[in-house]
Amino acid sequence: MLKNLPKTSLRRRLSNWTALGFITLAALIVTVPLFLILGTVVVRGLGTFNWAFLTQIPKPIGEEGGGMGNAILGSVLLLGFASLIGVPLGIGAGIFLAEYGRNRFGNIVRFTADVLNGVPSVVIGMTTWALVVVPQGHFSLISGSVALGIMMIPVISRTTEEVLLLVPQSIREAALGLGIPKWRTILSVVLRSASAGIVTSVMLAFARIAGESAPLMFTAFGNEFWSSSPNQPVAALPLQIYKYAIQPYEQAHAQAWTAALVLISMIVLTVVFVRFIVGRGVIKGAR
């Protein structure tokens, strides 16, 4: 019977090929700039990349050697503390919006998250300076983490809400029909079903704040020495990149490129590691 079916007309085949060509072109337009950026950073950053760069503090311009070990440590601490602030609050807000937010208060929270997501990072830094740095009386790792954590919340909350809404309502009804309380249904069934999307939202927020320098100028401020105290100024890779990029020395520019390479590598490795861990957990849970 299949042999008797009419052949697809030439017009439809041309339309299909044209649409496929535009889709492929759009994919290339999105992909090519990314690889150009990564290629440029790798080529320029490998020149001064060595073990000393990862383990030593900066040296004055003109002296050989030195690195950004303190900035790498500071970035790890800042991102870690910011995640402790932003991830629980963002996921919690997303759960509220998806499961309990179909009312006026939910609309207010949703609108606030959208507005906060569009606020420039420098404004968030200035606000954190007024609310945290001024009462403390000094710059600190804590204030920088608060600024970055605030930036994570709207991204995670709105994305988490959309991901949770994609979970079929029948799954919730089945769990409730078995006598499982609603709070347990949300935590054990709905969140588990949407775990991959939630992890993606966290990684998007993590990648966004990892390269921010403007809010850190008003909060963490920077430090030329080793510092891991929560109540002291701390160095960070974005701050060091900005500081070195505006200097009129080739040595500083070379180290700025290497710092950019290290920062991108940190983001990529973190995303791959988290996805690997979550993927293994999801597979084991499914089995």
# chains A, B, ... in the order shown; residues from 1 in each chain; ligands from 1
$ closest_atom_pairs --of "segment 52-99 of chain A" --to "segment 223-240 of chain A" --cutoff "10 Å" --atoms "only C-alpha atoms" --output "tab-separated table"
residue	atom	partner	partner_atom	distance
A:Gln56	CA	A:Trp226	CA	9.2
A:Ile57	CA	A:Phe225	CA	6.3
A:Pro58	CA	A:Glu224	CA	6.8
A:Lys59	CA	A:Glu224	CA	9.0
A:Met68	CA	A:Leu237	CA	7.7
A:Gly69	CA	A:Trp226	CA	8.0
A:Asn70	CA	A:Trp226	CA	5.0
A:Ala71	CA	A:Ala236	CA	4.2
A:Ile72	CA	A:Leu237	CA	6.1
A:Leu73	CA	A:Ala236	CA	7.6
A:Gly74	CA	A:Ala236	CA	5.0
A:Ser75	CA	A:Ala236	CA	4.7
A:Val76	CA	A:Ala236	CA	8.4
A:Leu77	CA	A:Ser228	CA	7.6
A:Leu78	CA	A:Ala236	CA	8.0
A:Leu79	CA	A:Ala236	CA	9.9
A:Phe81	CA	A:Pro230	CA	9.6
$ write_last_selection --atoms "N, CA and C atoms" --output "PDB file, in the first residue's frame"
ATOM      1  N   GLN A  56      50.746  31.182  43.063  1.00  0.00           N
ATOM      2  CA  GLN A  56      51.415  32.348  43.619  1.00  0.00           C
ATOM      3  C   GLN A  56      50.518  33.580  43.547  1.00  0.00           C
ATOM      4  N   ILE A  57      50.882  34.589  44.325  1.00  0.00           N
ATOM      5  CA  ILE A  57      50.157  35.852  44.301  1.00  0.00           C
ATOM      6  C   ILE A  57      50.798  36.779  43.259  1.00  0.00           C
ATOM      7  N   PRO A  58      50.100  37.835  42.864  1.00  0.00           N
ATOM      8  CA  PRO A  58      50.659  38.720  41.823  1.00  0.00           C
ATOM      9  C   PRO A  58      51.953  39.387  42.265  1.00  0.00           C
ATOM     10  N   LYS A  59      52.830  39.587  41.301  1.00  0.00           N
ATOM     11  CA  LYS A  59      54.068  40.332  41.525  1.00  0.00           C
ATOM     12  C   LYS A  59      53.980  41.679  40.816  1.00  0.00           C
ATOM     13  N   MET A  68      47.936  34.287  40.086  1.00  0.00           N
ATOM     14  CA  MET A  68      46.674  34.744  40.662  1.00  0.00           C
ATOM     15  C   MET A  68      46.056  33.662  41.539  1.00  0.00           C
ATOM     16  N   GLY A  69      46.894  32.986  42.290  1.00  0.00           N
ATOM     17  CA  GLY A  69      46.373  31.962  43.184  1.00  0.00           C
ATOM     18  C   GLY A  69      45.401  32.509  44.201  1.00  0.00           C
ATOM     19  N   ASN A  70      45.678  33.707  44.711  1.00  0.00           N
ATOM     20  CA  ASN A  70      44.763  34.316  45.679  1.00  0.00           C
ATOM     21  C   ASN A  70      43.418  34.651  45.047  1.00  0.00           C
ATOM     22  N   ALA A  71      43.429  35.095  43.778  1.00  0.00           N
ATOM     23  CA  ALA A  71      42.181  35.421  43.092  1.00  0.00           C
ATOM     24  C   ALA A  71      41.380  34.167  42.774  1.00  0.00           C
ATOM     25  N   ILE A  72      42.077  33.085  42.435  1.00  0.00           N
ATOM     26  CA  ILE A  72      41.380  31.821  42.182  1.00  0.00           C
ATOM     27  C   ILE A  72      40.697  31.332  43.455  1.00  0.00           C
ATOM     28  N   LEU A  73      41.419  31.368  44.568  1.00  0.00           N
ATOM     29  CA  LEU A  73      40.828  30.974  45.842  1.00  0.00           C
ATOM     30  C   LEU A  73      39.662  31.883  46.197  1.00  0.00           C
ATOM     31  N   GLY A  74      39.833  33.199  45.991  1.00  0.00           N
ATOM     32  CA  GLY A  74      38.753  34.131  46.298  1.00  0.00           C
ATOM     33  C   GLY A  74      37.515  33.889  45.464  1.00  0.00           C
ATOM     34  N   SER A  75      37.692  33.583  44.176  1.00  0.00           N
ATOM     35  CA  SER A  75      36.538  33.304  43.319  1.00  0.00           C
ATOM     36  C   SER A  75      35.805  32.040  43.764  1.00  0.00           C
ATOM     37  N   VAL A  76      36.579  31.022  44.134  1.00  0.00           N
ATOM     38  CA  VAL A  76      35.954  29.782  44.609  1.00  0.00           C
ATOM     39  C   VAL A  76      35.131  30.045  45.866  1.00  0.00           C
ATOM     40  N   LEU A  77      35.683  30.813  46.800  1.00  0.00           N
ATOM     41  CA  LEU A  77      34.960  31.124  48.035  1.00  0.00           C
ATOM     42  C   LEU A  77      33.727  31.979  47.758  1.00  0.00           C
ATOM     43  N   LEU A  78      33.874  32.991  46.919  1.00  0.00           N
ATOM     44  CA  LEU A  78      32.745  33.859  46.604  1.00  0.00           C
ATOM     45  C   LEU A  78      31.611  33.084  45.942  1.00  0.00           C
ATOM     46  N   LEU A  79      31.947  32.271  44.961  1.00  0.00           N
ATOM     47  CA  LEU A  79      30.917  31.502  44.262  1.00  0.00           C
ATOM     48  C   LEU A  79      30.286  30.463  45.176  1.00  0.00           C
ATOM     49  N   PHE A  81      29.962  30.603  48.605  1.00  0.00           N
ATOM     50  CA  PHE A  81      29.062  31.253  49.562  1.00  0.00           C
ATOM     51  C   PHE A  81      27.846  31.850  48.862  1.00  0.00           C
TER      52      PHE A  81
END
$ residues_around --residues "Ile241 of chain A" --least-positions-apart "4" --cutoff "9 Å" --atoms "only C-alpha atoms" --output "PyMOL selection string"
chain A and resi 213+236-237+245-246+252-253+255-260
$ write_last_selection --atoms "N, CA and C atoms" --output "mmCIF file, in the first residue's frame"
data_model
loop_
_atom_site.group_PDB
_atom_site.id
_atom_site.type_symbol
_atom_site.label_atom_id
_atom_site.label_comp_id
_atom_site.auth_asym_id
_atom_site.auth_seq_id
_atom_site.Cartn_x
_atom_site.Cartn_y
_atom_site.Cartn_z
ATOM 1 N N SER A 213 32.245 41.553 37.765
ATOM 2 C CA SER A 213 33.248 42.336 38.491
ATOM 3 C C SER A 213 32.652 43.589 39.136
ATOM 4 N N ALA A 236 39.450 38.313 43.476
ATOM 5 C CA ALA A 236 38.598 37.507 42.601
ATOM 6 C C ALA A 236 39.102 37.647 41.174
ATOM 7 N N LEU A 237 38.941 36.604 40.397
ATOM 8 C CA LEU A 237 39.439 36.620 39.023
ATOM 9 C C LEU A 237 38.831 37.745 38.177
ATOM 10 N N ALA A 245 43.591 44.416 32.670
ATOM 11 C CA ALA A 245 43.221 44.779 31.301
ATOM 12 C C ALA A 245 43.350 46.277 31.048
ATOM 13 N N ILE A 246 43.165 47.105 32.076
ATOM 14 C CA ILE A 246 43.214 48.562 31.878
ATOM 15 C C ILE A 246 44.629 49.109 32.039
ATOM 16 N N ALA A 252 50.821 42.562 31.835
ATOM 17 C CA ALA A 252 49.531 42.554 32.528
ATOM 18 C C ALA A 252 48.425 42.019 31.626
ATOM 19 N N HIS A 253 48.447 42.408 30.346
ATOM 20 C CA HIS A 253 47.439 41.916 29.414
ATOM 21 C C HIS A 253 47.532 40.406 29.252
ATOM 22 N N GLN A 255 48.606 38.208 31.431
ATOM 23 C CA GLN A 255 48.070 37.548 32.620
ATOM 24 C C GLN A 255 46.552 37.691 32.703
ATOM 25 N N ALA A 256 46.008 38.781 32.180
ATOM 26 C CA ALA A 256 44.554 38.934 32.142
ATOM 27 C C ALA A 256 43.925 37.865 31.248
ATOM 28 N N TRP A 257 44.551 37.589 30.091
ATOM 29 C CA TRP A 257 44.052 36.537 29.216
ATOM 30 C C TRP A 257 44.128 35.174 29.901
ATOM 31 N N THR A 258 45.207 34.920 30.609
ATOM 32 C CA THR A 258 45.332 33.645 31.315
ATOM 33 C C THR A 258 44.288 33.524 32.416
ATOM 34 N N ALA A 259 44.028 34.620 33.115
ATOM 35 C CA ALA A 259 42.991 34.605 34.143
ATOM 36 C C ALA A 259 41.621 34.325 33.528
ATOM 37 N N ALA A 260 41.360 34.888 32.348
ATOM 38 C CA ALA A 260 40.099 34.608 31.659
ATOM 39 C C ALA A 260 39.990 33.130 31.293
#
$ closest_atom_pairs --of "segment 132-195 of chain A" --to "segment 109-121 of chain A" --cutoff "9 Å" --atoms "only C-alpha atoms" --output "tab-separated table"
residue	atom	partner	partner_atom	distance
A:Ala147	CA	A:Ser121	CA	8.5
A:Leu148	CA	A:Ser121	CA	8.7
A:Ile150	CA	A:Leu116	CA	8.7
A:Met151	CA	A:Asn117	CA	7.1
A:Met152	CA	A:Asn117	CA	8.6
A:Ile153	CA	A:Ala113	CA	7.8
A:Pro154	CA	A:Ala113	CA	4.8
A:Val155	CA	A:Asn117	CA	6.6
A:Ser157	CA	A:Ala113	CA	7.6
A:Arg158	CA	A:Ala113	CA	7.2
$ residues_around --residues "Lys182 of chain A" --least-positions-apart "4" --cutoff "10 Å" --atoms "only C-alpha atoms" --output "PyMOL selection string"
chain A and resi 99+172-173+175-176+186-189
$ closest_atom_pairs --of "segment 197-231 of chain A" --to "segment 267-270 of chain A" --cutoff "10 Å" --atoms "only C-alpha atoms" --output "tab-separated table"
residue	atom	partner	partner_atom	distance
A:Met203	CA	A:Thr270	CA	8.5
A:Phe206	CA	A:Ile267	CA	8.0
A:Ala207	CA	A:Ile267	CA	6.3
A:Arg208	CA	A:Ile267	CA	9.8
A:Ala210	CA	A:Ile267	CA	7.4
A:Gly211	CA	A:Ile267	CA	9.4
